[in-house]
Every structure is written in C-alpha cells, then in structure tokens.
Amino acid sequence: MMKNGVAIDALTVVRGGNTVLDDVTLEIPAGQVTGLLGPSGCGKSTLMRTVVGVQRITSGTVTVFGEAAGSAALRSRIGYVTQAPSVYDDLTVAENLEFFASVLGVPKARVDSCLALVDLTSYADRVVARLSGGQRSRVSLAVALLGEPQLIVLDEPTVGLDPVLRQDLWQTFHRLADDGAAVFVSSHVMDEANRCDRLVLMREGRVIADDTPSALLASTGADDIESAFLDLVGGAA
Ligand SMILES: Nc1ncnc2c1ncn2[C@@H]1O[C@H](COP(=O)(O)OP(=O)(O)OP(=O)(O)O)[C@@H](O)[C@H]1O
C-alpha cells in the first residue's frame with residue numbers, strides 16, 4: 001500500500017444513475033505533479049472529489065497516506081481547491097487568509113508566505129469582490145496552502161489566467177512537489193500536459209493512459225499530447 005501518496009483501486013462511481021467513473025485504478029505519488037486531463041464531463045472533478053473524500057463511492061477503494069479517503073485524520077493534510085472560489089467577497093485578501101489561518105490554528109506568519117506563493121502580496125488589502133476571476137481563484141489557492149498540506153488537489157486552477165500567471169502557478173506546483181507534496185492538478189487544456197511529471201488521461205469515466213508526458217509521446221509516436229490523446233482514443237474506439 002502507498003503510504004505517502006494516493007492509491008485508487010477499481011474505483012466506480014455512479015451519479016444520478018450514470019456510471020461517471022468506471023473501474024479506475026491509479027496512484028498519485030508524493031513529490032510529483034500528477035496531471036489529470038480529459039474532455040469536459042469525463043469525470044475529472046468526480047475523481048478529485050473521491051480523493052478528498054467528499055464523493056460517495058459505488059465500489060472500489062481510495063486510500064490517502066494509508067488511510068481511507070475522507071477519514072478525519074486526513075483533513076489537515078489535504079488542500080483542495082474547487083472550480084468555485086470559496087472565499088469571502090466582503091473581506092480583503094489578507095483578512096480572508098487570517099480568518100482561515102485562525103480556524104486552522106496556523107501561525108499568522110504563514111499568511112504572508114502563502115500570499116507570496118500565489119503572487120498576491122500587492123493585493124493583500126484589496127477587497128475580494130474587486131478582484132478578477134483569476135485573482136480570486138488564487139486567493140482560494142492561498143487558503144488551501146495555509147496548512148502546508150501534503151496532498152494538494154486542484155480542480156482546473158489555471159482557468160482564466162494569462163500565460164505569465166499560468167507559468168508562475170505551475171512553478172509553484174513544482175516547488176510544492178519538490179518539498180514533498182503530492183500535487184494532483186486537473187486541466188482540460190492539453191498544452192498544460194507537458195508541465196506535469198506524470199499524466200493521467202481520462203475519457204468517459206475511464207483512464208486511457210497513465211505515464212510521463214515523454215513516454216506517452218514515445219508510445220503513440222505523436223508530436224504533442226493532444227495528438228497522443230486522439231491517437232489513444234482512436235485505439236480505444
Ligand atoms: N451531481 C451530479 N449528479 C449526477 N451526475 C453528475 C453530477 N455531477 C456531475 N455529473 C455528471 O458526471 C459526469 C462527470 O462530471 P465531472 O464534473 O466529474 O466532469 P469533469 O471532467 O470534471 O468536467 P469539466 O471539465 O467540465 O469540469 C458528467 O457527465 C456530469 O454530467
């Protein structure tokens with residue numbers, strides 16, 4: 001069993017009568033950025049929800065650091081950012097972080113380092129309602145990083161960000177992984193694939209590939225991940 005990462009075994013999830021995840025088996029190791037890619041509706045968010053323990057599982061198992069996903073002992077060890085920013089609009093950026101830091105029992109000094117991590121130091125005193133969508137999602141990310149989580153689950157964190165910020169955020173993800181965290185990031189933008197240490201490609205609730213970007217390119221003979229994905233879909237059809 002994987003003690004310092006996530007192990008998913010024969011996971012099936014049925015939502016509203018539809019099989020949304022179909023016999024998914026994969027591992028998300030510590031110390032790496034694992035990318036989860038696939039078209040809209042293929043089950044990425046549902047898979048992430050199972051990892052953080054907020055999704056009812058139909059069959060199979062999800063184990064995080066050797067414990068069943070969702071167990072109370074894991075709560076402080078996981079940072080989760082959904083597609084909907086979950087911060088208070090009427091507080092400033094710094095006030096939001098200070099509030100969540102006190103809830104989590106995290107030292108105030110951590111607020112400044114998390115703001116720097118997501119490049120929002122100069123916006124510390126700005127009310128969240130007056131931020132752009134991308135800035136607001138970075139506040140959510142900063143909140144998720146407050147507790148120095150060992151597993152960081154990010155559902156499409158780069159949507160709506162300009163190329164420079166996307167680059168900065170990917171560097172942040174790699175720094176967190178270099179520090180030993182398991183970083184699990186979803187995207188439906190195939191050109192972000194090359195930035196991951198490992199890639200999990202999904203389609204219609206199934207994992208169709210799980211490898212390094214270079215191995216995926218080598219095994220399909222494709223020039224880029226988008227072509228590799230289409231190749232694999234063609235092969236599976
Ligand atoms: N609450 C729900 N009840 C029933 N079905 C749902 C529910 N939420 C999502 N689904 C369905 O589950 C499937 C997978 O959805 P999910 O949100 O996991 O996909 P996704 O790959 O994250 O998509 P996107 O990239 O658009 O966010 C979709 O077909 C969706 O319609």
# chains A, B, ... in the order shown; residues from 1 in each chain; ligands from 1

$ residues_near_ligand --ligand "ligand 1" --cutoff "8 Å" --atoms "only C-alpha atoms and all ligand atoms" --output "list in words"
Val14, Arg15, Gly16, Gly17, Asn18, Thr19, Val20, Leu21, Gly38, Pro39, Ser40, Gly41, Cys42, Gly43, Lys44, Ser45, Thr46, Leu47, Gln83, Asp155, Glu156, Ser187, His188, Glu204 and Gly205 of chain A

$ write_last_selection --atoms "C-alpha atoms" --output "PDB file, in the first residue's frame"
ATOM      1  CA  VAL A  14     -22.430   6.175 -10.164  1.00  0.00           C
ATOM      2  CA  ARG A  15     -24.034   9.639 -10.045  1.00  0.00           C
ATOM      3  CA  GLY A  16     -27.664  10.230 -10.923  1.00  0.00           C
ATOM      4  CA  GLY A  17     -27.888   6.742 -12.464  1.00  0.00           C
ATOM      5  CA  ASN A  18     -24.849   7.256 -14.726  1.00  0.00           C
ATOM      6  CA  THR A  19     -21.518   5.495 -14.322  1.00  0.00           C
ATOM      7  CA  VAL A  20     -19.258   8.550 -14.046  1.00  0.00           C
ATOM      8  CA  LEU A  21     -16.087   6.663 -13.003  1.00  0.00           C
ATOM      9  CA  GLY A  38      -9.567  14.836 -20.390  1.00  0.00           C
ATOM     10  CA  PRO A  39     -12.539  16.462 -22.071  1.00  0.00           C
ATOM     11  CA  SER A  40     -15.275  18.266 -20.178  1.00  0.00           C
ATOM     12  CA  GLY A  41     -17.579  15.820 -18.413  1.00  0.00           C
ATOM     13  CA  CYS A  42     -15.163  12.859 -18.475  1.00  0.00           C
ATOM     14  CA  GLY A  43     -15.163  12.622 -14.661  1.00  0.00           C
ATOM     15  CA  LYS A  44     -12.137  14.673 -13.528  1.00  0.00           C
ATOM     16  CA  SER A  45     -13.946  16.625 -10.800  1.00  0.00           C
ATOM     17  CA  THR A  46     -15.685  13.478  -9.588  1.00  0.00           C
ATOM     18  CA  LEU A  47     -12.352  11.655  -9.316  1.00  0.00           C
ATOM     19  CA  GLN A  83     -13.552  25.488  -9.588  1.00  0.00           C
ATOM     20  CA  ASP A 155      -9.512  21.351  -9.983  1.00  0.00           C
ATOM     21  CA  GLU A 156      -8.650  23.378 -13.100  1.00  0.00           C
ATOM     22  CA  SER A 187      -6.989  20.602 -16.735  1.00  0.00           C
ATOM     23  CA  HIS A 188      -8.796  20.283 -19.996  1.00  0.00           C
ATOM     24  CA  GLU A 204     -15.826   8.843 -20.389  1.00  0.00           C
ATOM     25  CA  GLY A 205     -15.009   7.824 -16.837  1.00  0.00           C
TER      26      GLY A 205
END

$ residues_around --residues "Asp162 (chain A)" --least-positions-apart "3" --cutoff "12 Å" --atoms "only C-alpha atoms" --output "ChimeraX atom specification"
/A:132-135,157-159,165-169

$ residues_around --residues "Tyr80 (chain A)" --least-positions-apart "3" --cutoff "12 Å" --atoms "only C-alpha atoms" --output "MDAnalysis selection string"
chainID A and resid 45 48:54 74:77 83:86 137 140:157 182:186

$ closest_residue --among "A:Glu192, A:Glu67, A:Asp125, A:Asp178" --to "Leu91 (chain A)" --atoms "only C-alpha atoms"
A:Asp125

$ residues_around --residues "Leu11 (chain A)" --least-positions-apart "2" --cutoff "10 Å" --atoms "only C-alpha atoms" --output "ChimeraX atom specification"
/A:8-9,13,21-26,47,50,57-62,206

$ atom_distance --atom1 "CA of Val64 (chain A)" --atom2 "CA of Gly5 (chain A)"
5.9 Å

$ select_by_dssp --residues "region 50-81 of chain A" --states "strand (DSSP E)" --output "ChimeraX atom specification"
/A:59-64,67-68,78-81

$ closest_residue --among "A:Thr172, A:Val81, A:Ala181, A:Asp89" --to "Val128 (chain A)" --atoms "only C-alpha atoms"
A:Asp89

$ atom_distance --atom1 "CA of Leu36 (chain A)" --atom2 "CA of Val200 (chain A)"
4.9 Å

$ select_by_dssp --residues "region 5-237 of chain A" --states "helix (DSSP H, G or I)" --output "number ranges by chain"
A: 44-52, 72-77, 93-104, 109-117, 121-123, 128-130, 133-145, 163-178, 190-195, 213-220, 225-236
